[in-house]
Structure formats: structure tokens, C-alpha cells
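Before any comments, here is the structure.
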Amino acid sequence: MRILAIDPGTRILGYCVLDGDSRSQEFVAGGDIKVARENKQLGLLSIFESILELVREYSPDILVVESPFYGKNVKTLIRLGEARGAIIIAAALTGLDVSEVSPAEAKLALTGNGNATKEQVAYMIKQLLSPPHELSTDASDAAALGVAFFHRMALEEVE
């Protein structure tokens with residue numbers, strides 16, 4: 001199975017493409033997409049078009065996106081919701097199913113601690129997936145979402 005995992009952002013979007021199953025995963029690609037900043041509409045359009053481009057390039061079976069979480073800034077939560085909307089609409093347009101993974105679930109799957117730091121997550125991604133280049137924290141977070149999705153599949157197989 002091939003997944004496209006997305007860590008949404010209002011300025012930078014992290015992505016990771018993984019092949020695998022519930023037992024093992026292989027890094028295919030990952031990186032950052034800088035979001036257009038001229039205005040909100042162009043930013044959302046650039047997110048939408050970037051997701052369409054990634055889907056065309058990598059032909060994933062499913063898209064995994066970080067689920068919303070409440071931080072301290074309501075404005076940021078709203079902007080992230082808009083970014084997630086652009087991502088989900090792009091997936092729907094291409095016929096991809098979307099699965100959501102929370103940040104805590106991703107951290108727990110990788111480190112055994114739902115409150116792990118970004119550095120701990122990045123370290124575990126490097127150990128598990130051995131990407132050929134250094135990933136940004138946004139791309140590492142996206143990879144963590146993908147790994148957590150595969151872990152969830154393993155748990156569902158046991159049930």
C-alpha cells in the first residue's frame with residue numbers, strides 16, 4: 001500500500017510518501033511545500049494544487065492528514081482547518097480516501113510517548129525509515145503520521 005501523509009500548515013506543508021503494510025514501511029519521498037502567501041485564497045489554492053500534483057506524481061492508495069487539535073491560538077486553528085479543507089477536497093477530487101491521525105497518536109506510535117518532542121519524532125523517523133536526505137520537522141511529522149497509520153492497521157488486524 002502507498003500512502004501520502006500530510007502535515008498541514010499555513011506557511012509550510014510537510015509531506016511524506018511511504019510504501020508498506022502493517023509490518024514494514026519504506027520511505028519513497030518527503031519534503032516541504034511552501035504555501036503562497038500573497039493572500040489567503042491564493043494560499044489555499046496553492047495547497048490544493050500541490051496536493052493534486054503529489055497525487056499525480058506518486059499515485060497513493062490513501063491520503064493521511066493530521067487531525068485538528070486545539071492549540072492556544074484560535075486564529076491558527078481556523079487557518080489550519082482551511083488548509084485541511086483544501087487537502088481533503090483535493091483528495092476527494094482524485095477519488096482518494098482520507099484518514100486522520102492525531103499528533104498524539106503519531107508521537108505515541110513512534111516513541112511510546114504521546115507528548116514526545118519534534119526532535120524525538122525526527123530521530124525515530126530517521127531510525128525507522130532511513131530517508132536518503134535530512135527531513136525537515138514538517139516532513140518528519142508527516143512521516144510520523146504515515147507510520148502511525150500503518151501501526152493502526154496492525155492493531156486493526158489483531159482485533
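All residue names refer to the C-alpha cells as shown: chains lettered A, B, ... in order, residues numbered from 1 in each chain, ligands numbered from 1 in order.
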Write out, as a Markdown table, each residue of region 90-124 of chain A that has an atom at most 10 Å from region 1-8 of chain A, together with the closest pair of atoms and their distance in Å to one decimal, counting only C-alpha atoms, rows going by chain and rising number.
| residue | atom | partner | partner_atom | distance |
| --- | --- | --- | --- | --- |
| A:Val98 | CA | A:Leu4 | CA | 9.7 |
| A:Ser99 | CA | A:Ala5 | CA | 9.3 |
| A:Glu100 | CA | A:Ala5 | CA | 9.5 |
| A:Val101 | CA | A:Ala5 | CA | 9.6 |
| A:Pro103 | CA | A:Asp7 | CA | 9.5 |
Using only C-alpha atoms, determine which residues lie at most 9 Å from Ala29 (chain A), disregarding the query and same-chain residues fewer than 4 positions distant; provide the list as a list in words.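 Neighbouring residues, sequence-local ones excluded: Tyr15, Cys16, Val17, Leu18, Tyr58 and Pro131 of chain A.
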Writer output for current selection, all heavy atoms, as an mmCIF file, in the first residue's frame:
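The new file result00.cif reads:
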data_model
loop_
_atom_site.group_PDB
_atom_site.id
_atom_site.type_symbol
_atom_site.label_atom_id
_atom_site.label_comp_id
_atom_site.auth_asym_id
_atom_site.auth_seq_id
_atom_site.Cartn_x
_atom_site.Cartn_y
_atom_site.Cartn_z
ATOM 1 N N TYR A 15 5.172 16.787 3.736
ATOM 2 C CA TYR A 15 4.572 15.603 3.132
ATOM 3 C C TYR A 15 5.561 14.448 3.176
ATOM 4 O O TYR A 15 6.773 14.630 3.260
ATOM 5 C CB TYR A 15 4.103 15.858 1.696
ATOM 6 C CG TYR A 15 5.209 15.947 0.684
ATOM 7 C CD1 TYR A 15 5.625 14.822 -0.023
ATOM 8 C CD2 TYR A 15 5.855 17.149 0.441
ATOM 9 C CE1 TYR A 15 6.655 14.897 -0.949
ATOM 10 C CE2 TYR A 15 6.885 17.237 -0.480
ATOM 11 C CZ TYR A 15 7.278 16.107 -1.171
ATOM 12 O OH TYR A 15 8.308 16.188 -2.082
ATOM 13 N N CYS A 16 5.003 13.240 3.114
ATOM 14 C CA CYS A 16 5.820 12.041 3.051
ATOM 15 C C CYS A 16 5.031 10.965 2.311
ATOM 16 O O CYS A 16 3.829 10.802 2.531
ATOM 17 C CB CYS A 16 6.184 11.557 4.453
ATOM 18 S SG CYS A 16 7.311 10.137 4.431
ATOM 19 N N VAL A 17 5.702 10.263 1.439
ATOM 20 C CA VAL A 17 5.112 9.134 0.723
ATOM 21 C C VAL A 17 5.797 7.874 1.239
ATOM 22 O O VAL A 17 7.030 7.794 1.252
ATOM 23 C CB VAL A 17 5.306 9.266 -0.813
ATOM 24 C CG1 VAL A 17 4.699 8.081 -1.536
ATOM 25 C CG2 VAL A 17 4.723 10.590 -1.313
ATOM 26 N N LEU A 18 4.994 6.916 1.694
ATOM 27 C CA LEU A 18 5.507 5.661 2.219
ATOM 28 C C LEU A 18 4.847 4.491 1.517
ATOM 29 O O LEU A 18 3.659 4.533 1.222
ATOM 30 C CB LEU A 18 5.216 5.532 3.723
ATOM 31 C CG LEU A 18 5.790 6.585 4.660
ATOM 32 C CD1 LEU A 18 5.272 6.365 6.073
ATOM 33 C CD2 LEU A 18 7.306 6.541 4.630
ATOM 34 N N TYR A 58 2.770 10.464 -7.363
ATOM 35 C CA TYR A 58 3.059 9.266 -6.565
ATOM 36 C C TYR A 58 1.940 8.218 -6.536
ATOM 37 O O TYR A 58 2.150 7.120 -6.035
ATOM 38 C CB TYR A 58 3.429 9.664 -5.131
ATOM 39 C CG TYR A 58 4.721 10.437 -5.087
ATOM 40 C CD1 TYR A 58 4.730 11.804 -4.864
ATOM 41 C CD2 TYR A 58 5.937 9.802 -5.317
ATOM 42 C CE1 TYR A 58 5.921 12.514 -4.848
ATOM 43 C CE2 TYR A 58 7.127 10.507 -5.302
ATOM 44 C CZ TYR A 58 7.109 11.861 -5.069
ATOM 45 O OH TYR A 58 8.290 12.558 -5.057
ATOM 46 N N PRO A 131 15.589 7.828 5.602
ATOM 47 C CA PRO A 131 15.432 8.639 4.381
ATOM 48 C C PRO A 131 16.807 9.019 3.824
ATOM 49 O O PRO A 131 17.760 9.189 4.589
ATOM 50 C CB PRO A 131 14.669 9.866 4.854
ATOM 51 C CG PRO A 131 14.844 9.905 6.328
ATOM 52 C CD PRO A 131 15.096 8.509 6.784
#
Applying 10 Å and only C-alpha atoms, which residues near region 113-120 of chain A remain after dropping the ones on its own chain fewer than 2 positions away? List them as an mmCIF file with N, CA, C and O atoms, in the first residue's frame.
data_model
loop_
_atom_site.group_PDB
_atom_site.id
_atom_site.type_symbol
_atom_site.label_atom_id
_atom_site.label_comp_id
_atom_site.auth_asym_id
_atom_site.auth_seq_id
_atom_site.Cartn_x
_atom_site.Cartn_y
_atom_site.Cartn_z
ATOM 1 N N SER A 102 -4.058 11.782 14.814
ATOM 2 C CA SER A 102 -3.781 12.910 15.709
ATOM 3 C C SER A 102 -2.276 13.013 15.970
ATOM 4 O O SER A 102 -1.558 12.011 15.874
ATOM 5 N N PRO A 103 -1.806 14.193 16.317
ATOM 6 C CA PRO A 103 -0.384 14.337 16.654
ATOM 7 C C PRO A 103 0.025 13.404 17.803
ATOM 8 O O PRO A 103 1.096 12.800 17.767
ATOM 9 N N ALA A 104 -0.833 13.285 18.804
ATOM 10 C CA ALA A 104 -0.507 12.414 19.948
ATOM 11 C C ALA A 104 -0.417 10.953 19.527
ATOM 12 O O ALA A 104 0.475 10.226 19.984
ATOM 13 N N GLU A 105 -1.311 10.507 18.646
ATOM 14 C CA GLU A 105 -1.258 9.127 18.162
ATOM 15 C C GLU A 105 0.031 8.870 17.396
ATOM 16 O O GLU A 105 0.662 7.816 17.544
ATOM 17 N N ALA A 106 0.447 9.839 16.584
ATOM 18 C CA ALA A 106 1.688 9.690 15.813
ATOM 19 C C ALA A 106 2.892 9.618 16.747
ATOM 20 O O ALA A 106 3.767 8.763 16.585
ATOM 21 N N LYS A 107 2.937 10.508 17.728
ATOM 22 C CA LYS A 107 4.054 10.514 18.679
ATOM 23 C C LYS A 107 4.105 9.219 19.474
ATOM 24 O O LYS A 107 5.176 8.650 19.690
ATOM 25 N N LEU A 108 2.939 8.741 19.897
ATOM 26 C CA LEU A 108 2.861 7.510 20.671
ATOM 27 C C LEU A 108 3.328 6.313 19.843
ATOM 28 O O LEU A 108 4.086 5.467 20.325
ATOM 29 N N ALA A 109 2.912 6.254 18.577
ATOM 30 C CA ALA A 109 3.297 5.131 17.707
ATOM 31 C C ALA A 109 4.805 5.086 17.485
ATOM 32 O O ALA A 109 5.390 4.010 17.395
ATOM 33 N N LEU A 110 5.427 6.250 17.420
ATOM 34 C CA LEU A 110 6.864 6.302 17.133
ATOM 35 C C LEU A 110 7.751 6.201 18.357
ATOM 36 O O LEU A 110 8.796 5.560 18.311
ATOM 37 N N THR A 111 7.350 6.860 19.426
ATOM 38 C CA THR A 111 8.251 6.972 20.576
ATOM 39 C C THR A 111 7.729 6.288 21.835
ATOM 40 O O THR A 111 8.475 6.161 22.804
ATOM 41 N N ALA A 122 11.582 13.186 14.957
ATOM 42 C CA ALA A 122 12.505 13.220 13.810
ATOM 43 C C ALA A 122 13.578 12.142 13.940
ATOM 44 O O ALA A 122 13.936 11.482 12.956
ATOM 45 N N TYR A 123 14.095 11.953 15.151
ATOM 46 C CA TYR A 123 15.106 10.922 15.382
ATOM 47 C C TYR A 123 14.552 9.531 15.062
ATOM 48 O O TYR A 123 15.210 8.729 14.382
ATOM 49 N N MET A 124 13.349 9.247 15.536
ATOM 50 C CA MET A 124 12.752 7.924 15.296
ATOM 51 C C MET A 124 12.448 7.705 13.811
ATOM 52 O O MET A 124 12.646 6.610 13.291
ATOM 53 N N ILE A 125 12.011 8.742 13.123
ATOM 54 C CA ILE A 125 11.762 8.624 11.675
ATOM 55 C C ILE A 125 13.059 8.287 10.960
ATOM 56 O O ILE A 125 13.099 7.422 10.080
ATOM 57 N N LYS A 126 14.131 8.947 11.349
ATOM 58 C CA LYS A 126 15.441 8.688 10.740
ATOM 59 C C LYS A 126 15.862 7.231 10.976
ATOM 60 O O LYS A 126 16.383 6.565 10.075
ATOM 61 N N THR A 137 11.417 19.232 10.040
ATOM 62 C CA THR A 137 10.494 18.776 11.089
ATOM 63 C C THR A 137 9.085 18.582 10.533
ATOM 64 O O THR A 137 8.380 17.673 10.959
ATOM 65 N N ASP A 138 8.682 19.402 9.561
ATOM 66 C CA ASP A 138 7.352 19.244 8.968
ATOM 67 C C ASP A 138 7.248 17.933 8.189
ATOM 68 O O ASP A 138 6.243 17.222 8.288
ATOM 69 N N SER A 140 9.158 15.287 8.692
ATOM 70 C CA SER A 140 9.237 14.222 9.710
ATOM 71 C C SER A 140 7.893 14.010 10.383
ATOM 72 O O SER A 140 7.493 12.875 10.650
ATOM 73 N N ASP A 141 7.192 15.101 10.660
ATOM 74 C CA ASP A 141 5.860 14.983 11.261
ATOM 75 C C ASP A 141 4.903 14.266 10.307
ATOM 76 O O ASP A 141 4.101 13.434 10.738
#
DSSP on the backbone, then: every residue of chain A marked strand (DSSP E), written as a PyMOL selection string. chain A and resi 2-7+12-20+25-34+62-66+97-101
Create the file for the chosen residues now, containing C-alpha atoms and written as a PDB file, in the first residue's frame.
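Now in out25.pdb:
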ATOM      1  CA  ARG A   2       1.207   3.502  -0.772  1.00  0.00           C
ATOM      2  CA  ILE A   3       0.197   6.410   1.409  1.00  0.00           C
ATOM      3  CA  LEU A   4       0.623  10.142   1.098  1.00  0.00           C
ATOM      4  CA  ALA A   5       0.846  11.693   4.559  1.00  0.00           C
ATOM      5  CA  ILE A   6       0.379  15.423   5.020  1.00  0.00           C
ATOM      6  CA  ASP A   7       1.264  17.659   7.957  1.00  0.00           C
ATOM      7  CA  ILE A  12       4.809  25.215   5.102  1.00  0.00           C
ATOM      8  CA  LEU A  13       3.168  21.879   4.414  1.00  0.00           C
ATOM      9  CA  GLY A  14       5.142  18.724   5.195  1.00  0.00           C
ATOM     10  CA  TYR A  15       4.572  15.603   3.132  1.00  0.00           C
ATOM     11  CA  CYS A  16       5.820  12.041   3.051  1.00  0.00           C
ATOM     12  CA  VAL A  17       5.112   9.134   0.723  1.00  0.00           C
ATOM     13  CA  LEU A  18       5.507   5.661   2.219  1.00  0.00           C
ATOM     14  CA  ASP A  19       5.105   2.173   0.801  1.00  0.00           C
ATOM     15  CA  GLY A  20       4.392  -0.678   3.142  1.00  0.00           C
ATOM     16  CA  GLN A  25       7.358   0.677   5.768  1.00  0.00           C
ATOM     17  CA  GLU A  26       9.679   2.127   3.161  1.00  0.00           C
ATOM     18  CA  PHE A  27      10.396   5.805   2.548  1.00  0.00           C
ATOM     19  CA  VAL A  28       9.593   6.882  -1.025  1.00  0.00           C
ATOM     20  CA  ALA A  29       9.672  10.679  -0.880  1.00  0.00           C
ATOM     21  CA  GLY A  30       9.236  13.539   1.518  1.00  0.00           C
ATOM     22  CA  GLY A  31       9.727  17.231   1.819  1.00  0.00           C
ATOM     23  CA  ASP A  32       8.122  20.613   2.243  1.00  0.00           C
ATOM     24  CA  ILE A  33       5.792  22.685   0.160  1.00  0.00           C
ATOM     25  CA  LYS A  34       5.928  26.412   0.690  1.00  0.00           C
ATOM     26  CA  ILE A  62      -4.846   6.738   0.627  1.00  0.00           C
ATOM     27  CA  LEU A  63      -4.115  10.186   1.994  1.00  0.00           C
ATOM     28  CA  VAL A  64      -3.353  10.553   5.709  1.00  0.00           C
ATOM     29  CA  VAL A  65      -3.684  14.004   7.250  1.00  0.00           C
ATOM     30  CA  GLU A  66      -3.114  15.293  10.750  1.00  0.00           C
ATOM     31  CA  ASP A  97      -9.956   8.105   0.814  1.00  0.00           C
ATOM     32  CA  VAL A  98      -8.701  10.231   3.680  1.00  0.00           C
ATOM     33  CA  SER A  99      -7.701   9.013   7.117  1.00  0.00           C
ATOM     34  CA  GLU A 100      -6.882  11.258  10.054  1.00  0.00           C
ATOM     35  CA  VAL A 101      -4.183  10.698  12.666  1.00  0.00           C
TER      36      VAL A 101
END
Contacts of His151 (chain A) within 9 Å, only C-alpha atoms, excl. fewer than 5 positions in-chain, as an MDAnalysis selection string: chainID A and resid 21:23 109 146 156
Mind the document's chain letters and residue numbers, and return as a PyMOL selection string the residues of region 30-98 of chain A that DSSP labels helix (DSSP H, G or I). chain A and resi 40-58+74-93
Save out the residues we just selected, C-alpha atoms, as a PDB file, in the first residue's frame.
ATOM      1  CA  LYS A  40      -5.483  33.568   1.874  1.00  0.00           C
ATOM      2  CA  GLN A  41      -7.274  32.437  -1.284  1.00  0.00           C
ATOM      3  CA  LEU A  42      -4.034  32.001  -3.224  1.00  0.00           C
ATOM      4  CA  GLY A  43      -2.530  30.157  -0.275  1.00  0.00           C
ATOM      5  CA  LEU A  44      -5.413  27.682  -0.191  1.00  0.00           C
ATOM      6  CA  LEU A  45      -5.257  27.319  -3.969  1.00  0.00           C
ATOM      7  CA  SER A  46      -1.526  26.551  -3.791  1.00  0.00           C
ATOM      8  CA  ILE A  47      -2.181  23.867  -1.134  1.00  0.00           C
ATOM      9  CA  PHE A  48      -4.936  22.349  -3.281  1.00  0.00           C
ATOM     10  CA  GLU A  49      -2.782  22.330  -6.433  1.00  0.00           C
ATOM     11  CA  SER A  50       0.237  20.937  -4.564  1.00  0.00           C
ATOM     12  CA  ILE A  51      -1.806  18.005  -3.250  1.00  0.00           C
ATOM     13  CA  LEU A  52      -3.143  17.293  -6.738  1.00  0.00           C
ATOM     14  CA  GLU A  53       0.438  17.328  -8.059  1.00  0.00           C
ATOM     15  CA  LEU A  54       1.655  14.931  -5.345  1.00  0.00           C
ATOM     16  CA  VAL A  55      -1.235  12.558  -6.045  1.00  0.00           C
ATOM     17  CA  ARG A  56      -0.468  12.600  -9.786  1.00  0.00           C
ATOM     18  CA  GLU A  57       3.238  12.034  -9.183  1.00  0.00           C
ATOM     19  CA  TYR A  58       3.059   9.266  -6.565  1.00  0.00           C
ATOM     20  CA  VAL A  74      -7.894  30.097  17.716  1.00  0.00           C
ATOM     21  CA  LYS A  75      -6.872  32.032  14.587  1.00  0.00           C
ATOM     22  CA  THR A  76      -4.220  29.413  13.806  1.00  0.00           C
ATOM     23  CA  LEU A  77      -6.745  26.618  14.381  1.00  0.00           C
ATOM     24  CA  ILE A  78      -9.096  28.206  11.846  1.00  0.00           C
ATOM     25  CA  ARG A  79      -6.313  28.654   9.270  1.00  0.00           C
ATOM     26  CA  LEU A  80      -5.205  25.040   9.721  1.00  0.00           C
ATOM     27  CA  GLY A  81      -8.824  23.962   9.277  1.00  0.00           C
ATOM     28  CA  GLU A  82      -8.952  25.827   5.988  1.00  0.00           C
ATOM     29  CA  ALA A  83      -5.683  24.190   4.867  1.00  0.00           C
ATOM     30  CA  ARG A  84      -7.054  20.757   5.833  1.00  0.00           C
ATOM     31  CA  GLY A  85     -10.186  21.551   3.823  1.00  0.00           C
ATOM     32  CA  ALA A  86      -8.122  22.262   0.706  1.00  0.00           C
ATOM     33  CA  ILE A  87      -6.218  18.999   1.249  1.00  0.00           C
ATOM     34  CA  ILE A  88      -9.364  16.919   1.775  1.00  0.00           C
ATOM     35  CA  ILE A  89     -11.120  18.426  -1.251  1.00  0.00           C
ATOM     36  CA  ALA A  90      -8.083  17.668  -3.443  1.00  0.00           C
ATOM     37  CA  ALA A  91      -8.139  14.065  -2.184  1.00  0.00           C
ATOM     38  CA  ALA A  92     -11.881  13.782  -2.828  1.00  0.00           C
ATOM     39  CA  LEU A  93     -11.477  15.168  -6.334  1.00  0.00           C
TER      40      LEU A  93
END
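Of the listed residues (A:Ser59, A:Thr10, A:Ser67, A:Asn39), A:Ser67 comes nearest to Ala142 (chain A); the distances count only C-alpha atoms.
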